[in-house]
Amino acid sequence: MKKVLIIGGNGFIGANLARYLSKEYKVYSFDIQNPKEKNPNVEYVEGDFFDDEILENAIQDKDIVIHSLSTVNPGNSNKRFMQGYSRDFVQSAHLFDLCAQKNIKVIFLSSGGTVYGIQEEQPIKESSLANPINHYGSVKLCIETVLKTFNKQSHSNMIIARISNPYGPGQDFNKGVGFIDAALKKTLNHEQIEIWGDGSVVRDYIYIEDVCEMIGSLINYDGNEEIFNVSSNQGISLNDVISKMKEYGLAPDVVYKDARSVDVAKVVLDNHKIESIHECKIRSFEEGLKLYIDYLKNTSF
């Protein structure tokens, strides 16, 4: 049984990945502290990613490392950008070096929308020139570049997964990302939803279970492709999200505010490359939204 280490295993994507992958692999979840609720099928490793000795011990004897940790997000990166470059970027380079030396496969979870930035051609293919407009995207792109250099120089086995806009159980919009999570939870709590701009911003939303299945398909991939979009290939505007919520019987209260400079007008990612190796059917936006609404109605948040 392959051993998979998820760095940032307490996060939204990391925790869902750990649960999903533990059905088939021996999964280790590595984070600064153990979660309050543990999955009995996952082994938890408590430690600091930025401690070199602890990190090297954590990756010992692992077959795959999934790098899902980030200390900045799109909302705060323009203020905390030096933290992203001096810590996330530098330690990611160190991680890749360790994994290259030990011949450990790496899957780096990057950011689709912020890395690509403003693009005329939609859906955006992996071959498009990256053009980030905020520091979060720039940090991710810096990490990607170092990863690709290790692949060239060390013939290492590292893959970049550019994830679009995931949503679903386990997400917390209070951490700086997740419009669907915020819109649903605020509506169910009878709170107002804030939309920056006129609601025409388009994103590629993908249900978290589909993200896990797609990343799972990359574990056994042994081809030469370095970059895969993990996306739905479907563009949904913020106003579309509100309309669909109403169709499902919700009553969102929306207030529109001035647009933000960090928001790209449209980002839809082409997913044909990963679809060529991914066997599971992707849920439509309507299916995913309904699943998440039903989940939130039956849980405390």
# chains A, B, ... in the order shown; residues from 1 in each chain; ligands from 1
$ residues_around --residues "region 251-254 of chain A" --least-positions-apart "6" --cutoff "7 Å" --atoms "only C-alpha atoms" --output "MDAnalysis selection string"
chainID A and resid 187 192:194 242
$ write_last_selection --atoms "N, CA and C atoms" --output "PDB file, in the first residue's frame"
ATOM      1  N   THR A 187     -26.820  33.030   4.151  1.00  0.00           N
ATOM      2  CA  THR A 187     -28.252  32.963   3.847  1.00  0.00           C
ATOM      3  C   THR A 187     -28.982  32.092   4.859  1.00  0.00           C
ATOM      4  N   GLN A 192     -26.585  39.074   5.651  1.00  0.00           N
ATOM      5  CA  GLN A 192     -26.441  39.702   4.340  1.00  0.00           C
ATOM      6  C   GLN A 192     -25.183  39.194   3.622  1.00  0.00           C
ATOM      7  N   ILE A 193     -25.293  39.041   2.306  1.00  0.00           N
ATOM      8  CA  ILE A 193     -24.161  38.623   1.478  1.00  0.00           C
ATOM      9  C   ILE A 193     -23.574  39.847   0.793  1.00  0.00           C
ATOM     10  N   GLU A 194     -22.277  40.023   0.891  1.00  0.00           N
ATOM     11  CA  GLU A 194     -21.595  41.127   0.208  1.00  0.00           C
ATOM     12  C   GLU A 194     -20.985  40.622  -1.094  1.00  0.00           C
ATOM     13  N   ILE A 242     -26.362  33.195  -6.988  1.00  0.00           N
ATOM     14  CA  ILE A 242     -27.515  33.702  -6.240  1.00  0.00           C
ATOM     15  C   ILE A 242     -28.822  33.193  -6.846  1.00  0.00           C
TER      16      ILE A 242
END
$ select_by_dssp --residues "region 151-219 of chain A" --states "strand (DSSP E or B)" --output "NGL selection string"
:A and (158-163 or 165-167 or 192-196 or 202-203 or 205-207)
$ residues_around --residues "region 41-52 of chain A" --least-positions-apart "5" --cutoff "9 Å" --atoms "only C-alpha atoms" --output "list in words"
Ile7, Gly8, Gly9, Ala18, Arg19, Ser22, Lys23, Lys26, Val27, Tyr28, Ser29, Phe30, Asp31, Ile32, Gln33, Asn34, Pro35, Asn57, Ala58, Leu69, Arg87, Asp88, Gln91, His94 and Leu95 of chain A
$ residues_around --residues "Lys125 (chain A)" --least-positions-apart "5" --cutoff "8 Å" --atoms "only C-alpha atoms" --output "list in words"
Asn229, Leu269, Asp270 and Asn271 of chain A
$ residues_around --residues "region 285-289 of chain A" --least-positions-apart "6" --cutoff "12 Å" --atoms "only C-alpha atoms" --output "VMD selection string"
chain A and resid 165 to 169 180 to 181 183 to 184 203 to 211 231 to 237 240 to 248 250 295 to 296
$ write_last_selection --atoms "N, CA and C atoms" --output "short mmCIF file (atom, residue, chain, number, x, y, z; two decimals), in the first residue's frame"
data_model
loop_
_atom_site.label_atom_id
_atom_site.label_comp_id
_atom_site.auth_asym_id
_atom_site.auth_seq_id
_atom_site.Cartn_x
_atom_site.Cartn_y
_atom_site.Cartn_z
N ASN A 165 -12.00 26.78 -8.29
CA ASN A 165 -12.66 27.31 -7.08
C ASN A 165 -13.45 26.19 -6.41
N PRO A 166 -12.80 25.45 -5.50
CA PRO A 166 -13.50 24.34 -4.85
C PRO A 166 -14.48 24.83 -3.78
N TYR A 167 -15.50 24.04 -3.54
CA TYR A 167 -16.46 24.34 -2.47
C TYR A 167 -17.04 23.03 -1.97
N GLY A 168 -17.59 23.08 -0.77
CA GLY A 168 -18.22 21.89 -0.21
C GLY A 168 -17.92 21.73 1.27
N PRO A 169 -18.29 20.57 1.83
CA PRO A 169 -18.13 20.32 3.26
C PRO A 169 -16.70 20.54 3.74
N ILE A 180 -19.15 30.61 -2.46
CA ILE A 180 -20.34 29.75 -2.31
C ILE A 180 -20.55 29.39 -0.84
N ASP A 181 -19.48 29.07 -0.15
CA ASP A 181 -19.57 28.76 1.28
C ASP A 181 -20.15 29.94 2.05
N ALA A 183 -21.94 32.52 0.83
CA ALA A 183 -23.31 32.83 0.41
C ALA A 183 -24.32 31.88 1.05
N LEU A 184 -24.00 30.60 1.09
CA LEU A 184 -24.93 29.62 1.65
C LEU A 184 -25.06 29.77 3.16
N ARG A 203 -16.51 32.55 -12.27
CA ARG A 203 -15.54 31.60 -11.74
C ARG A 203 -15.90 30.17 -12.14
N ASP A 204 -14.91 29.32 -12.03
CA ASP A 204 -15.05 27.90 -12.35
C ASP A 204 -15.15 27.15 -11.02
N TYR A 205 -16.39 26.92 -10.56
CA TYR A 205 -16.60 26.28 -9.27
C TYR A 205 -16.62 24.76 -9.43
N ILE A 206 -15.95 24.07 -8.51
CA ILE A 206 -15.88 22.61 -8.58
C ILE A 206 -16.10 22.02 -7.19
N TYR A 207 -16.94 21.02 -7.13
CA TYR A 207 -17.28 20.39 -5.85
C TYR A 207 -16.05 19.65 -5.31
N ILE A 208 -15.86 19.72 -4.00
CA ILE A 208 -14.64 19.21 -3.37
C ILE A 208 -14.42 17.73 -3.64
N GLU A 209 -15.47 16.95 -3.72
CA GLU A 209 -15.31 15.51 -3.99
C GLU A 209 -14.70 15.28 -5.37
N ASP A 210 -15.08 16.13 -6.34
CA ASP A 210 -14.49 16.02 -7.67
C ASP A 210 -13.01 16.39 -7.64
N VAL A 211 -12.66 17.38 -6.83
CA VAL A 211 -11.25 17.75 -6.67
C VAL A 211 -10.45 16.56 -6.16
N SER A 231 -10.60 21.30 -12.57
CA SER A 231 -11.68 22.27 -12.74
C SER A 231 -12.92 21.61 -13.32
N SER A 232 -14.00 22.41 -13.42
CA SER A 232 -15.26 21.90 -13.98
C SER A 232 -15.42 22.24 -15.45
N ASN A 233 -14.61 23.19 -15.95
CA ASN A 233 -14.71 23.67 -17.34
C ASN A 233 -16.02 24.44 -17.57
N GLN A 234 -16.64 24.91 -16.49
CA GLN A 234 -17.93 25.60 -16.56
C GLN A 234 -17.84 26.94 -15.84
N GLY A 235 -18.23 28.01 -16.51
CA GLY A 235 -18.19 29.34 -15.91
C GLY A 235 -19.51 29.72 -15.27
N ILE A 236 -19.46 30.15 -14.02
CA ILE A 236 -20.65 30.55 -13.27
C ILE A 236 -20.39 31.92 -12.65
N SER A 237 -21.27 32.89 -12.90
CA SER A 237 -21.10 34.22 -12.31
C SER A 237 -21.63 34.24 -10.88
N ASP A 240 -25.22 34.25 -10.99
CA ASP A 240 -25.74 32.90 -11.29
C ASP A 240 -25.87 32.08 -10.01
N VAL A 241 -24.87 32.19 -9.15
CA VAL A 241 -24.90 31.46 -7.88
C VAL A 241 -26.13 31.88 -7.06
N ILE A 242 -26.36 33.20 -6.99
CA ILE A 242 -27.51 33.70 -6.24
C ILE A 242 -28.82 33.19 -6.85
N SER A 243 -28.91 33.20 -8.16
CA SER A 243 -30.12 32.72 -8.85
C SER A 243 -30.38 31.25 -8.56
N LYS A 244 -29.31 30.43 -8.60
CA LYS A 244 -29.48 29.00 -8.33
C LYS A 244 -29.90 28.76 -6.88
N MET A 245 -29.39 29.57 -5.97
CA MET A 245 -29.80 29.44 -4.58
C MET A 245 -31.29 29.68 -4.43
N LYS A 246 -31.79 30.67 -5.15
CA LYS A 246 -33.22 30.97 -5.10
C LYS A 246 -34.04 29.83 -5.67
N GLU A 247 -33.52 29.20 -6.72
CA GLU A 247 -34.22 28.06 -7.34
C GLU A 247 -34.36 26.90 -6.35
N TYR A 248 -33.41 26.80 -5.42
CA TYR A 248 -33.46 25.74 -4.42
C TYR A 248 -34.17 26.18 -3.15
N LEU A 250 -33.91 29.04 -1.32
CA LEU A 250 -33.24 29.94 -0.38
C LEU A 250 -33.58 31.40 -0.71
N TYR A 295 -26.21 19.30 2.80
CA TYR A 295 -25.24 19.03 3.86
C TYR A 295 -25.32 20.08 4.96
N LEU A 296 -25.34 21.37 4.57
CA LEU A 296 -25.36 22.45 5.56
C LEU A 296 -26.66 22.47 6.36
#
$ residues_around --residues "region 195-202 of chain A" --least-positions-apart "3" --cutoff "9 Å" --atoms "only C-alpha atoms" --output "JSON, numbers by chain"
{"A": [179, 235, 236, 237, 238, 239, 240, 254, 255, 256, 257, 258, 259, 260, 263, 264, 265, 266, 267, 268]}
$ atom_distance --atom1 "CA of Asn78 (chain A)" --atom2 "CA of Asn134 (chain A)"
6.5 Å
